[in-house]
Structure formats: structure tokens, C-alpha cells
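Engineer: Next comes the structure file work-v1.txt, holding compact mmCIF, C-alpha atoms.
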# COMPACT_ATOMS: atom_id res chain seq x y z
CA MET A 1250 16.41 -24.70 7.39
CA LYS A 1251 18.99 -24.72 4.59
CA VAL A 1252 17.27 -21.74 2.93
CA ALA A 1253 17.27 -19.83 6.22
CA LYS A 1254 20.99 -20.45 6.62
CA LEU A 1255 21.71 -19.18 3.12
CA VAL A 1256 19.67 -16.02 3.75
CA ALA A 1257 21.47 -15.44 7.03
CA ALA A 1258 24.84 -15.87 5.33
CA ALA A 1259 23.91 -13.36 2.66
CA LEU A 1260 22.82 -10.83 5.26
CA LEU A 1261 26.00 -11.22 7.26
CA ALA A 1262 28.11 -10.95 4.13
CA SER A 1263 26.48 -7.61 3.41
CA THR A 1264 27.49 -6.09 6.76
CA PHE A 1265 29.58 -3.01 6.11
CA VAL A 1266 32.14 -1.38 8.37
CA LEU A 1267 31.14 2.09 9.53
CA PRO A 1268 33.55 4.56 7.92
CA THR A 1269 35.01 7.55 9.69
CA ALA A 1270 33.08 9.81 7.34
CA LEU A 1271 30.26 9.30 4.88
CA PRO A 1272 30.56 10.37 1.24
CA ALA A 1273 29.31 13.83 0.41
CA SER A 1274 25.73 13.96 -0.84
CA ALA A 1275 25.08 14.80 -4.45
CA GLY A 1276 21.68 16.29 -3.74
CA GLY A 1277 20.89 19.95 -4.22
CA ASN A 1278 19.07 21.01 -1.08
CA GLU A 1279 18.75 24.25 0.84
CA ASN A 1280 20.23 22.35 3.80
CA PRO A 1281 23.00 20.31 2.15
CA GLN A 1282 24.66 17.54 4.08
CA PRO A 1283 28.22 18.40 5.12
CA PRO A 1284 30.97 16.91 2.94
CA GLY A 1285 31.84 14.45 5.70
CA LEU A 1286 29.62 13.10 8.46
CA ALA A 1287 31.75 13.64 11.54
CA LYS A 1288 30.71 12.20 14.86
CA GLN A 1289 29.90 15.69 16.15
CA ASP A 1290 27.32 16.14 13.39
CA THR A 1291 24.86 13.31 14.02
CA LEU A 1292 21.66 13.00 16.00
CA ARG A 1293 23.03 10.36 18.32
CA TRP A 1294 26.03 12.51 19.21
CA ALA A 1295 23.77 15.48 19.96
CA ALA A 1296 21.47 13.47 22.22
CA PRO A 1297 21.79 13.67 26.01
CA LYS A 1298 23.26 10.70 27.83
CA ASP A 1299 20.84 7.79 28.19
CA PHE A 1300 18.38 9.33 25.74
CA ARG A 1301 17.94 7.11 22.71
CA ILE A 1302 17.29 8.57 19.29
CA GLY A 1303 16.03 5.82 17.03
CA THR A 1304 14.62 4.82 13.67
CA ALA A 1305 12.79 1.95 12.02
CA VAL A 1306 14.98 -0.38 9.97
CA ALA A 1307 13.40 -0.54 6.51
CA GLY A 1308 12.44 -3.99 5.28
CA GLY A 1309 9.58 -6.41 4.75
CA GLY A 1310 6.04 -5.12 4.37
CA HIS A 1311 5.48 -2.79 1.42
CA HIS A 1312 9.20 -2.83 0.63
CA GLU A 1313 8.82 -6.31 -0.84
CA ASN A 1314 6.63 -4.85 -3.60
CA MET A 1315 8.78 -1.81 -4.37
CA PRO A 1316 11.24 -1.41 -7.29
CA TYR A 1317 14.35 -1.62 -5.12
CA PRO A 1318 16.14 -4.38 -3.21
CA ASN A 1319 15.80 -4.70 0.55
CA PRO A 1320 17.24 -1.39 1.87
CA PHE A 1321 18.87 -2.72 5.03
CA THR A 1322 20.60 -5.55 3.22
CA TYR A 1323 21.68 -3.92 -0.04
CA ASP A 1324 21.89 -0.12 0.37
CA GLN A 1325 25.34 0.58 1.79
CA GLN A 1326 24.76 4.28 2.34
CA TYR A 1327 21.53 3.48 4.14
CA ARG A 1328 23.43 1.24 6.55
CA GLU A 1329 26.16 3.81 7.10
CA VAL A 1330 23.69 6.56 7.94
CA LEU A 1331 21.68 4.15 10.10
CA ALA A 1332 24.77 3.36 12.14
CA ALA A 1333 26.03 6.92 12.42
CA GLU A 1334 22.81 8.75 13.25
CA PHE A 1335 20.87 6.50 15.61
CA SER A 1336 21.40 4.81 18.97
CA SER A 1337 18.21 2.73 18.78
CA VAL A 1338 16.70 0.66 15.98
CA SER A 1339 13.27 -0.93 15.51
CA PRO A 1340 12.42 -3.57 12.92
CA GLU A 1341 9.86 -1.97 10.63
CA ASN A 1342 8.24 -5.27 9.62
CA GLN A 1343 10.87 -7.95 10.24
CA ALA A 1344 9.48 -9.03 13.63
CA LYS A 1345 5.78 -8.82 12.78
CA TRP A 1346 3.84 -12.08 12.70
CA GLU A 1347 3.40 -12.43 8.93
CA PHE A 1348 7.14 -11.99 8.38
CA ILE A 1349 8.78 -13.79 11.28
CA HIS A 1350 6.19 -16.61 11.64
CA PRO A 1351 4.99 -17.29 8.06
CA GLN A 1352 3.79 -20.85 8.78
CA ARG A 1353 2.63 -22.45 12.00
CA ASP A 1354 5.71 -24.68 12.18
CA GLN A 1355 8.14 -22.20 10.61
CA TYR A 1356 9.94 -19.13 11.90
CA ARG A 1357 11.96 -16.73 9.74
CA PHE A 1358 14.71 -15.26 11.91
CA ALA A 1359 17.49 -14.36 9.48
CA GLU A 1360 16.46 -10.74 8.89
CA MET A 1361 15.78 -10.01 12.54
CA ASP A 1362 19.03 -11.72 13.54
CA ALA A 1363 20.89 -9.42 11.15
CA ILE A 1364 19.30 -6.31 12.67
CA VAL A 1365 20.22 -7.39 16.19
CA GLU A 1366 23.79 -8.16 15.14
CA PHE A 1367 24.08 -4.81 13.36
CA ALA A 1368 22.87 -3.03 16.48
CA GLN A 1369 25.39 -4.84 18.66
CA GLN A 1370 28.21 -3.91 16.27
CA HIS A 1371 27.26 -0.24 16.36
CA GLY A 1372 26.40 0.31 20.01
CA GLN A 1373 22.64 0.49 19.44
CA VAL A 1374 19.74 -0.88 21.42
CA VAL A 1375 16.81 -2.64 19.76
CA ARG A 1376 13.07 -2.13 20.22
CA GLY A 1377 11.07 -5.24 19.37
CA HIS A 1378 7.88 -4.65 17.38
CA THR A 1379 5.38 -6.34 17.86
CA LEU A 1380 3.96 -9.48 19.55
CA PHE A 1381 0.19 -9.01 19.79
CA TRP A 1382 -1.62 -7.12 17.03
CA HIS A 1383 -4.73 -7.20 14.87
CA SER A 1384 -2.85 -6.46 11.66
CA GLN A 1385 -0.16 -8.11 9.50
CA ASN A 1386 -0.94 -11.56 10.78
CA PRO A 1387 -0.33 -14.54 8.43
CA ALA A 1388 -3.22 -16.13 6.57
CA TRP A 1389 -2.65 -19.47 8.29
CA LEU A 1390 -3.43 -17.78 11.61
CA GLU A 1391 -6.32 -15.51 10.63
CA GLN A 1392 -8.03 -18.12 8.46
CA GLY A 1393 -7.29 -21.19 10.55
CA SER A 1394 -9.92 -23.16 12.44
CA PHE A 1395 -8.35 -23.32 15.87
CA SER A 1396 -9.91 -24.10 19.20
CA LYS A 1397 -9.40 -21.60 22.01
CA VAL A 1398 -6.87 -23.94 23.60
CA GLU A 1399 -4.92 -24.20 20.34
CA LEU A 1400 -5.01 -20.47 19.71
CA ARG A 1401 -3.77 -19.70 23.19
CA SER A 1402 -0.95 -22.22 22.74
CA ILE A 1403 -0.01 -20.65 19.38
CA LEU A 1404 0.29 -17.19 20.93
CA LYS A 1405 2.27 -18.44 23.91
CA ASP A 1406 4.65 -20.37 21.66
CA HIS A 1407 5.18 -17.34 19.44
CA ILE A 1408 5.93 -14.96 22.29
CA SER A 1409 8.12 -17.44 24.15
CA THR A 1410 10.05 -18.36 21.01
CA VAL A 1411 10.60 -14.86 19.60
CA VAL A 1412 11.26 -13.04 22.87
CA GLY A 1413 13.33 -15.93 24.16
CA ARG A 1414 15.54 -15.98 21.07
CA TYR A 1415 16.51 -12.35 21.65
CA ALA A 1416 16.60 -12.38 25.44
CA GLY A 1417 19.24 -9.94 26.64
CA LYS A 1418 19.46 -8.36 23.17
CA ILE A 1419 16.18 -6.43 22.98
CA GLN A 1420 15.82 -3.41 25.25
CA GLN A 1421 12.06 -2.88 24.83
CA TRP A 1422 9.18 -4.85 23.35
CA ASP A 1423 5.91 -3.48 22.01
CA VAL A 1424 4.01 -6.38 23.52
CA ALA A 1425 0.45 -5.28 22.72
CA ASN A 1426 -0.07 -2.98 19.75
CA GLU A 1427 -3.19 -0.94 19.00
CA ILE A 1428 -5.64 -2.85 21.18
CA PHE A 1429 -8.20 -0.04 21.50
CA ASN A 1430 -10.57 1.63 19.06
CA GLY A 1431 -10.70 5.41 18.87
CA ASP A 1432 -13.61 5.54 21.30
CA GLY A 1433 -11.66 3.66 23.97
CA THR A 1434 -13.35 0.29 23.49
CA LEU A 1435 -11.31 -2.85 22.95
CA ARG A 1436 -10.85 -4.19 19.43
CA THR A 1437 -13.13 -7.18 19.89
CA THR A 1438 -13.91 -7.55 16.19
CA ASP A 1439 -10.65 -7.38 14.24
CA ASN A 1440 -8.13 -8.47 16.91
CA ILE A 1441 -8.12 -12.26 16.71
CA TRP A 1442 -6.66 -12.67 20.20
CA ILE A 1443 -9.16 -10.47 22.03
CA ARG A 1444 -12.09 -11.67 19.92
CA GLU A 1445 -11.42 -15.37 20.41
CA LEU A 1446 -9.75 -15.47 23.83
CA GLY A 1447 -11.20 -12.46 25.64
CA PRO A 1448 -9.54 -9.39 27.19
CA GLU A 1449 -7.70 -11.55 29.74
CA ILE A 1450 -5.29 -12.66 27.03
CA ILE A 1451 -3.66 -9.22 27.08
CA ALA A 1452 -2.30 -9.87 30.57
CA ASP A 1453 -1.12 -13.31 29.51
CA ALA A 1454 0.83 -11.83 26.60
CA PHE A 1455 2.74 -9.59 29.00
CA ARG A 1456 3.31 -12.45 31.44
CA TRP A 1457 4.74 -14.70 28.72
CA ALA A 1458 6.99 -11.94 27.40
CA HIS A 1459 8.31 -11.26 30.88
CA GLU A 1460 8.98 -14.95 31.47
CA ALA A 1461 10.89 -15.18 28.19
CA ASP A 1462 13.08 -12.15 28.99
CA PRO A 1463 12.77 -10.74 32.53
CA ASN A 1464 15.07 -7.83 31.70
CA ALA A 1465 13.23 -6.46 28.66
CA LYS A 1466 11.00 -3.41 29.12
CA LEU A 1467 7.43 -4.21 28.10
CA PHE A 1468 5.22 -1.59 26.46
CA PHE A 1469 1.78 -0.87 25.12
CA ASN A 1470 2.03 0.96 21.78
CA ASP A 1471 -0.65 2.80 19.79
CA TYR A 1472 -1.47 5.56 17.32
CA GLY A 1473 -3.96 8.34 17.97
CA VAL A 1474 -2.96 8.55 21.64
CA GLU A 1475 -0.85 11.68 21.38
CA SER A 1476 -3.56 13.70 23.13
CA VAL A 1477 -5.71 13.31 26.19
CA ASN A 1478 -8.66 11.50 24.61
CA ALA A 1479 -10.84 8.42 24.93
CA LYS A 1480 -8.18 6.11 23.58
CA SER A 1481 -5.34 7.29 25.81
CA ASN A 1482 -7.75 7.37 28.77
CA ALA A 1483 -8.47 3.70 28.15
CA TYR A 1484 -4.78 2.86 28.52
CA LEU A 1485 -4.54 5.09 31.59
CA ALA A 1486 -7.31 3.02 33.18
CA LEU A 1487 -6.12 -0.41 32.03
CA ILE A 1488 -2.44 -0.30 32.93
CA PRO A 1489 -2.83 0.28 36.70
CA LYS A 1490 -5.29 -2.63 36.84
CA LEU A 1491 -2.82 -4.93 35.15
CA ARG A 1492 0.04 -3.83 37.38
CA ALA A 1493 -2.11 -4.26 40.49
CA ALA A 1494 -2.67 -7.85 39.35
CA GLY A 1495 1.09 -8.40 39.20
CA VAL A 1496 1.47 -8.05 35.44
CA GLN A 1497 4.78 -6.55 34.32
CA VAL A 1498 3.98 -3.43 32.28
CA ASP A 1499 6.87 -1.00 32.07
CA GLY A 1500 5.80 1.61 29.60
CA PHE A 1501 3.37 3.36 27.32
CA ALA A 1502 4.39 4.33 23.80
CA VAL A 1503 2.92 6.96 21.51
CA GLN A 1504 3.49 6.20 17.83
CA GLY A 1505 3.21 9.76 16.54
CA HIS A 1506 2.19 9.31 12.90
CA LEU A 1507 1.31 12.96 12.23
CA SER A 1508 0.10 14.98 9.26
CA THR A 1509 0.41 18.70 8.58
CA ARG A 1510 -3.23 18.53 7.43
CA TYR A 1511 -4.08 18.64 11.10
CA GLY A 1512 -2.88 20.73 13.98
CA PHE A 1513 -0.09 19.52 16.23
CA PRO A 1514 -1.38 17.70 19.36
CA GLY A 1515 -0.56 20.46 21.81
CA ASP A 1516 -1.34 18.36 24.89
CA LEU A 1517 1.22 15.68 24.01
CA GLN A 1518 3.47 16.56 26.94
CA THR A 1519 0.52 16.68 29.32
CA ASN A 1520 -0.57 13.26 28.13
CA LEU A 1521 2.88 11.71 28.46
CA GLN A 1522 3.16 13.18 31.94
CA ARG A 1523 -0.03 11.38 33.00
CA PHE A 1524 1.64 8.03 32.30
CA ASN A 1525 4.90 9.21 33.82
CA ASP A 1526 2.97 9.96 37.01
CA LEU A 1527 1.90 6.30 37.11
CA GLY A 1528 5.57 5.36 37.34
CA LEU A 1529 5.72 4.23 33.71
CA GLU A 1530 8.35 4.87 31.10
CA THR A 1531 7.10 6.62 28.01
CA SER A 1532 8.40 6.73 24.45
CA ILE A 1533 7.59 8.18 21.08
CA THR A 1534 8.10 5.19 18.86
CA GLU A 1535 7.04 5.75 15.24
CA ILE A 1536 6.98 9.43 14.47
CA ASP A 1537 6.77 10.75 10.95
CA VAL A 1538 5.10 13.91 9.66
CA ARG A 1539 3.48 13.58 6.27
CA MET A 1540 2.65 16.50 3.99
CA ASP A 1541 0.33 17.07 1.04
CA VAL A 1542 2.54 16.46 -1.99
CA PRO A 1543 0.60 15.52 -5.15
CA ALA A 1544 2.50 13.46 -7.68
CA GLY A 1545 5.18 15.41 -9.50
CA THR A 1546 5.42 18.15 -6.89
CA LYS A 1547 7.68 18.97 -3.98
CA PRO A 1548 6.76 20.51 -0.63
CA THR A 1549 7.11 24.26 -0.31
CA ALA A 1550 9.48 25.99 2.10
CA ALA A 1551 6.49 26.80 4.31
CA GLN A 1552 5.44 23.14 4.37
CA LEU A 1553 8.95 22.05 5.29
CA GLN A 1554 9.10 24.53 8.15
CA LYS A 1555 5.72 23.37 9.44
CA GLN A 1556 6.89 19.78 9.30
CA ALA A 1557 10.06 20.72 11.17
CA SER A 1558 8.03 22.43 13.89
CA TYR A 1559 5.98 19.26 14.44
CA TYR A 1560 9.10 17.14 14.84
CA GLN A 1561 10.60 19.72 17.21
CA LEU A 1562 7.49 20.07 19.36
CA ALA A 1563 7.16 16.30 19.70
CA LEU A 1564 10.79 15.88 20.72
CA GLU A 1565 10.54 18.75 23.20
CA ALA A 1566 7.45 17.15 24.76
CA CYS A 1567 9.33 13.89 25.26
CA LEU A 1568 12.46 15.56 26.62
CA ASN A 1569 10.36 17.53 29.11
CA VAL A 1570 8.88 14.36 30.66
CA GLY A 1571 11.16 12.64 33.13
CA HIS A 1572 10.79 9.03 32.01
CA CYS A 1573 10.46 9.62 28.28
CA LYS A 1574 13.82 8.18 27.28
CA SER A 1575 13.52 7.33 23.60
CA PHE A 1576 12.33 9.05 20.44
CA THR A 1577 12.07 6.94 17.30
CA ILE A 1578 11.36 8.24 13.82
CA TRP A 1579 9.62 5.77 11.53
CA GLY A 1580 12.22 5.80 8.80
CA PHE A 1581 14.68 8.55 7.96
CA ASN A 1582 14.81 8.54 4.15
CA ASP A 1583 11.83 9.44 1.93
CA LYS A 1584 12.70 6.80 -0.64
CA TYR A 1585 11.90 4.03 1.82
CA SER A 1586 8.98 5.63 3.68
CA TRP A 1587 5.72 3.73 4.04
CA VAL A 1588 3.65 6.91 3.88
CA PRO A 1589 3.14 7.43 0.12
CA VAL A 1590 2.11 3.79 -0.27
CA PHE A 1591 -0.70 4.10 2.28
CA PHE A 1592 -1.70 7.78 2.12
CA ALA A 1593 -2.73 9.05 -1.30
CA LYS A 1594 -1.14 12.38 -2.25
CA GLU A 1595 0.79 12.57 1.03
CA GLY A 1596 4.46 11.90 1.59
CA GLU A 1597 7.94 13.38 2.19
CA ALA A 1598 7.34 12.42 5.83
CA THR A 1599 10.89 11.72 7.02
CA VAL A 1600 13.83 13.95 7.95
CA MET A 1601 15.98 13.24 4.88
CA TRP A 1602 15.43 13.43 1.14
CA GLU A 1603 15.94 10.36 -1.03
CA ASP A 1604 19.62 11.28 -1.56
CA TYR A 1605 20.21 11.48 2.22
CA THR A 1606 20.51 15.25 2.30
CA ARG A 1607 18.88 16.71 5.37
CA LYS A 1608 15.60 18.55 5.62
CA PRO A 1609 14.78 21.36 8.04
CA SER A 1610 13.16 18.64 10.16
CA TYR A 1611 16.53 16.97 10.68
CA TYR A 1612 18.09 20.21 11.90
CA ALA A 1613 15.08 20.87 14.14
CA LEU A 1614 15.71 17.55 15.89
CA GLN A 1615 19.46 18.10 16.07
CA SER A 1616 19.20 21.59 17.54
CA THR A 1617 16.58 20.46 20.05
CA LEU A 1618 18.81 17.62 21.24
CA LEU A 1619 21.76 19.98 21.56
CA LYS A 1620 19.68 22.46 23.52
CA ALA A 1621 18.70 19.69 25.94
CA ASN A 1622 22.36 18.83 26.42
CA PRO A 1623 24.27 22.06 27.09
CA GLY A 1624 28.00 21.64 27.46
CA GLY A 1625 27.96 18.29 25.73
CA GLU A 1626 30.01 16.40 28.31
CA GLN A 1627 27.58 13.49 28.21
CA ARG A 1628 27.02 13.35 24.48
CA ASP A 1629 27.95 10.41 22.38
CA ALA A 1630 27.54 7.99 25.22
CA HIS A 1631 26.46 5.00 23.13
CA HIS A 1632 28.59 4.90 20.00
CA PRO A 1633 31.50 2.43 20.29
CA ALA A 1634 33.55 4.30 17.71
CA TYR A 1635 33.48 7.39 19.91
CA GLN A 1636 34.22 5.85 23.29
CA LYS A 1637 37.48 6.83 24.96
Please go through the file and, once you have read it, give me the structure as C-alpha cells.

Structural biologist:
Amino acid sequence: MKVAKLVAAALLASTFVLPTALPASAGGNENPQPPGLAKQDTLRWAAPKDFRIGTAVAGGGHHENMPYPNPFTYDQQYREVLAAEFSSVSPENQAKWEFIHPQRDQYRFAEMDAIVEFAQQHGQVVRGHTLFWHSQNPAWLEQGSFSKVELRSILKDHISTVVGRYAGKIQQWDVANEIFNGDGTLRTTDNIWIRELGPEIIADAFRWAHEADPNAKLFFNDYGVESVNAKSNAYLALIPKLRAAGVQVDGFAVQGHLSTRYGFPGDLQTNLQRFNDLGLETSITEIDVRMDVPAGTKPTAAQLQKQASYYQLALEACLNVGHCKSFTIWGFNDKYSWVPVFFAKEGEATVMWEDYTRKPSYYALQSTLLKANPGGEQRDAHHPAYQK
């Protein structure tokens, strides 16, 4: 407990005040960042009212093995851009099981607490990620010898404790993450919860999350569901059954981890609309667009334009669907992106270079948001520094 308090104190001490303008970038880019980042020149200002433009908050996971300190805690410019550009934030790893629940009788809340406090200070909402997943679980859980009764109690305690701690402070939760295989069958092999407790535990996870925070929006979240395919069809069939049984399911989220190696999923809007027609909210929650960039090289102008077109098409698809109200990029700075660590010879997947100068992808998002918000009377609805 004493260690947790010291960590929390250090995180709070590193909270910086958002300046009226950010320092000019030193990077040499064909789209240089303006000398000062005025409120009229950010993604969150350009966004229509009640549309959230978000990003993952870098930390935990692969970052712990990289040659830099925790970005959110120690990179002041990172925090300034995070505050200025985005109206929604998602913990990249700080709320996943292995990070926030490292031992059965121990929770690690300091980092997540700091993210929530930062969001409150800067007029941002928070998406919680994630409560029920087959990956990034702690060894004590995956390798433990638990009875079904014990395992069920462990999951209920985790959901009740984590969601309850942030009740009223988290707008949306990714309750169940990646529960289907590509062919539309449930992950009965590698998902400990489904394997050991059966498919019925999915409904219980949503019920417990709703009990812990009745006001939070509860989502399914997955990759590879951008198109109309077996995997997205499986969610389209499952969700109405759960809701008919009285289970609170509010939304369906498409991650959107894309690569320019493959064509853009042209039926993304059609697919989102299918879930919209069920009365669900939809979101794009983890989008990045990786490119082929072998070590020592940089993407070409043509690659950058292709990347920008993917970001633009995805945002347009969301904006064109009535209940798609948030669009979250999975990191905004290439230095802190997860992509090169997990995809050999691919990278440069975010909308900013390592020095925070903007790529064509950034401007594609900004111009698309502005186009969706002609006149601008409702812009800037969320930023406390810009309120009248």
C-alpha cells in the first residue's frame, strides 16, 4: 500500500498545466506543425458537438521494455498534445488484467487513477479497456488451479472492484474483448473464462459491470470486424440474444488496426450501420494504419497519402452512421506506437512523427471533422479551456 501511495504521488506531481500554446516543433516535415497550437487547430476543436475524438494513453505493456520512461508520466510534450488534441482517452495497457491486478490479492490503481484525473482536468471522457479478455492476463490467473466457483468469484471481484472504483468517471467500458475467432466461433481454447466457465459467463460479465456502474456504456470490442464477415456476423447474432435476456449491452466497437498491405474495408460503414439498426451505439476504438517501412527507411509520399486515405475513409464511415459517436486512434506519436514491436518491418502507423509534427493522416482527420461540422458553432464543446 505504501508503494502504491508513493507511485500515485509521483504521478500527480508530474501533472502539467495545459499551456495556451505548445512549443513549435523542431522536425522537418512536409506538413510542419504550426508555431503555436491554438485551440482552433486541434482535432478536438474541429470535431462536431458530442463526437469524441480519442487516443490511447501510452503506458504499460511493451513500453515497460523500451528505452524511454513511461510516456504519460514523464513526457511533458506528450501530455500537452494529449490534452489539446483529444476529447476522449483510453488506457493502452493500464487497465488490463496483468497491469491493474498483478496478484490475486493486489490491485495496482495509481496509473489508471492518474489517467482518470488527467481526463477530468482537461474535459475528456475515458473509455475503459478491458475487463474480459484472453490475452495479457497475469500468470497467477492463467496458471492457477482454481475451481469453477473460485474462477467465477475472481472475475466478479475484478469487474466489481475495477468498474466500481471508477463509477461515474468512465464513459464506456470494453467489457468483453475479442471473444470470437475469425470463423465466428467462440474462443473456447485460449479464453480462460469461456473455456472454464462456458459461454454463459459473457452475460455475467456484462451484468456485473452494469451493477458496478449503471451509467457506463458497455461494449463488445474486437479486431477483424471492420467488414461484413463471419466474425462480425457472430456479434450481430449474439448481441440481440443477450439483450432479449435482459443483459445490458450498449454498443459494438470496431478496433480498426489496419495495414496498407491490404485494401481498405470498403463495407465498414455498411457493417456499422447493421449494428446501428439494432439500436446499438458503435465506435471505432483502436485505429492505426501501419505501413511497410524496413529498418532505416521512411515511408514514401505515396505511402503517406494511402495511409491518410485509410484514416479518412474510416472516420467518414463512422460519421455517416447515426450512433457512431467516438473515433479513437491507438496512439498518436510513432515513437510510442506498439506496431513496430509486434509487426516486423511495419510501422509509422500513427498520425504524428516522433517529434510531434503532423503527417498527412492528421490533416485528413482534421479536414474530415471540419467538413462534418460546417459553420463551427458547435465545435470545441468539451474543452474546459475553451468554454465561454

Engineer: Between A:Pro1448, A:Gly1571, A:Pro1316, A:Gly1413, which residue has the minimum interatomic distance to Gln1522 (chain A), considering only C-alpha atoms?

Structural biologist: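 Comparing A:Pro1448, A:Gly1571, A:Pro1316, A:Gly1413 against Gln1522 (chain A), the winner is A:Gly1571.
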
Engineer: Please, what distance in Å, to one decimal, runs between CA of Trp1457 (chain A) and CA of Phe1367 (chain A)?

Structural biologist: 26.6 Å

Engineer: With all atoms listed in the file as the basis for distance, which of A:Phe1321, A:Phe1300, A:Tyr1472, A:Tyr1612 is at the shortest distance from Asn1342 (chain A)?

Structural biologist: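 Result for the nearest residue to Asn1342 (chain A): A:Phe1321.
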
Engineer: I'd like the contact shell of Gln1373 (chain A) - 10 Å cut-off, all atoms listed in the file, skipping same-chain residues fewer than 6 positions apart - returned as a list in words.

Structural biologist: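 These residues fall inside the cut-off: Arg1293, Arg1301, Ile1302, Gly1303, Ala1332, Phe1335, Ser1336, Ser1337, Val1338, Val1365, Glu1366, Phe1367, Gln1420, His1631, His1632 and Pro1633 of chain A.
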
Engineer: Those selected residues, please, written with C-alpha atoms and delivered as a PDB file, keeping the file's coordinate frame.

Structural biologist:
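To be explicit, this is the file written out as again_32.pdb:
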ATOM      1  CA  ARG A1293      23.030  10.360  18.320  1.00  0.00           C
ATOM      2  CA  ARG A1301      17.940   7.110  22.710  1.00  0.00           C
ATOM      3  CA  ILE A1302      17.290   8.570  19.290  1.00  0.00           C
ATOM      4  CA  GLY A1303      16.030   5.820  17.030  1.00  0.00           C
ATOM      5  CA  ALA A1332      24.770   3.360  12.140  1.00  0.00           C
ATOM      6  CA  PHE A1335      20.870   6.500  15.610  1.00  0.00           C
ATOM      7  CA  SER A1336      21.400   4.810  18.970  1.00  0.00           C
ATOM      8  CA  SER A1337      18.210   2.730  18.780  1.00  0.00           C
ATOM      9  CA  VAL A1338      16.700   0.660  15.980  1.00  0.00           C
ATOM     10  CA  VAL A1365      20.220  -7.390  16.190  1.00  0.00           C
ATOM     11  CA  GLU A1366      23.790  -8.160  15.140  1.00  0.00           C
ATOM     12  CA  PHE A1367      24.080  -4.810  13.360  1.00  0.00           C
ATOM     13  CA  GLN A1420      15.820  -3.410  25.250  1.00  0.00           C
ATOM     14  CA  HIS A1631      26.460   5.000  23.130  1.00  0.00           C
ATOM     15  CA  HIS A1632      28.590   4.900  20.000  1.00  0.00           C
ATOM     16  CA  PRO A1633      31.500   2.430  20.290  1.00  0.00           C
TER      17      PRO A1633
END

Engineer: Residues of region 1392-1431 of chain A that approach region 1461-1466 of chain A to 12 Å or less, counting all atoms listed in the file: could you list each one with the shortest pair of atoms and its distance in Å to one decimal, rows by chain and increasing residue number, as JSON lines?

Structural biologist:
{"residue": "A:Lys1405", "atom": "CA", "partner": "A:Ala1461", "partner_atom": "CA", "distance": 10.2}
{"residue": "A:Asp1406", "atom": "CA", "partner": "A:Ala1461", "partner_atom": "CA", "distance": 10.4}
{"residue": "A:His1407", "atom": "CA", "partner": "A:Ala1461", "partner_atom": "CA", "distance": 10.7}
{"residue": "A:Ile1408", "atom": "CA", "partner": "A:Ala1461", "partner_atom": "CA", "distance": 7.7}
{"residue": "A:Ser1409", "atom": "CA", "partner": "A:Ala1461", "partner_atom": "CA", "distance": 5.4}
{"residue": "A:Thr1410", "atom": "CA", "partner": "A:Ala1461", "partner_atom": "CA", "distance": 7.9}
{"residue": "A:Val1411", "atom": "CA", "partner": "A:Ala1461", "partner_atom": "CA", "distance": 8.6}
{"residue": "A:Val1412", "atom": "CA", "partner": "A:Ala1461", "partner_atom": "CA", "distance": 5.7}
{"residue": "A:Gly1413", "atom": "CA", "partner": "A:Ala1461", "partner_atom": "CA", "distance": 4.8}
{"residue": "A:Arg1414", "atom": "CA", "partner": "A:Ala1461", "partner_atom": "CA", "distance": 8.5}
{"residue": "A:Tyr1415", "atom": "CA", "partner": "A:Asp1462", "partner_atom": "CA", "distance": 8.1}
{"residue": "A:Ala1416", "atom": "CA", "partner": "A:Asp1462", "partner_atom": "CA", "distance": 5.0}
{"residue": "A:Gly1417", "atom": "CA", "partner": "A:Asn1464", "partner_atom": "CA", "distance": 6.9}
{"residue": "A:Lys1418", "atom": "CA", "partner": "A:Ala1465", "partner_atom": "CA", "distance": 8.5}
{"residue": "A:Ile1419", "atom": "CA", "partner": "A:Ala1465", "partner_atom": "CA", "distance": 6.4}
{"residue": "A:Gln1420", "atom": "CA", "partner": "A:Ala1465", "partner_atom": "CA", "distance": 5.3}
{"residue": "A:Gln1421", "atom": "CA", "partner": "A:Lys1466", "partner_atom": "CA", "distance": 4.5}
{"residue": "A:Trp1422", "atom": "CA", "partner": "A:Lys1466", "partner_atom": "CA", "distance": 6.2}
{"residue": "A:Asp1423", "atom": "CA", "partner": "A:Lys1466", "partner_atom": "CA", "distance": 8.7}
{"residue": "A:Val1424", "atom": "CA", "partner": "A:Lys1466", "partner_atom": "CA", "distance": 9.4}

Engineer: What is the CA of Cys1567 (chain A) to CA of Asp1537 (chain A) distance in Å?

Structural biologist: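 According to the coordinates, CA of Cys1567 (chain A) and CA of Asp1537 (chain A) are separated by 14.9 Å.
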
Engineer: Need the shell around Leu1446 (chain A): protein/DNA/RNA residues with any atom at most 9 Å away, counting only C-alpha atoms. Skip same-chain ones fewer than 3 positions apart. Format as a list in words?

Structural biologist: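 Answer for this query is Lys1397, Val1398, Leu1400, Arg1401, Ile1441, Trp1442, Ile1443, Glu1449 and Ile1450 of chain A.
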
Engineer: Could you check how far CA of Thr1531 (chain A) sits from CA of Ala1566 (chain A), in Å to one decimal?

Structural biologist: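 Calculated distance between CA of Thr1531 (chain A) and CA of Ala1566 (chain A) is 11.0 Å.
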
Engineer: Using only C-alpha atoms, determine which residues lie at most 10 Å from Gly1528 (chain A), disregarding the query and same-chain residues fewer than 5 positions distant; provide the list as a CSV table (one decimal) with C-alpha atoms, in the frame of the given file.

Structural biologist:
chain,number,residue,atom,x,y,z
A,1489,PRO,CA,-2.8,0.3,36.7
A,1499,ASP,CA,6.9,-1.0,32.1
A,1500,GLY,CA,5.8,1.6,29.6
A,1522,GLN,CA,3.2,13.2,31.9
A,1523,ARG,CA,0.0,11.4,33.0
A,1572,HIS,CA,10.8,9.0,32.0

Engineer: Return the single residue from A:Ala1307, A:Val1503, A:Ala1621, A:Val1477 that is closest to Tyr1585 (chain A), with distances computed using all atoms listed in the file.

Structural biologist: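 Nearest candidate to Tyr1585 (chain A) out of A:Ala1307, A:Val1503, A:Ala1621, A:Val1477: A:Ala1307.
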
Engineer: Could you please give me, as a list in words, the residues of protein, DNA or RNA lying at most 10 Å from (4.0, 10.1, 3.6) in the coordinate frame of the file, considering all atoms listed in the file?

Structural biologist: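 Counting all atoms listed in the file, I find these residues within 10 Å of (4.0, 10.1, 3.6): His1506, Leu1507, Ser1508, Asp1537, Val1538, Arg1539, Met1540, Asp1541, Val1542, Asp1583, Ser1586, Trp1587, Val1588, Pro1589, Val1590, Phe1591, Phe1592, Ala1593, Lys1594, Glu1595, Gly1596, Glu1597, Ala1598 and Thr1599 of chain A.
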
Engineer: Rank A:Asn1482, A:Thr1617, A:Thr1509, A:Ser1402 by their smallest atom-to-atom distance to Gln1561 (chain A), using only C-alpha atoms, and report the top residue only.

Structural biologist: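 Smallest distance to Gln1561 (chain A) is found for A:Thr1617.
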
Engineer: Do you know which residues lie at most 7 Å from (11.5, 7.3, 9.2), with coordinates as in the file and all atoms listed in the file counted, and could you write them as a ChimeraX atom specification?

Structural biologist: /A:1304-1305,1537,1578-1582,1586,1599

Engineer: Select, from A:Leu1553, A:Ala1452, A:Leu1521, A:Ala1368, the residue with the minimum atom-to-atom distance to Lys1490 (chain A), counting all atoms listed in the file.

Structural biologist: A:Ala1452
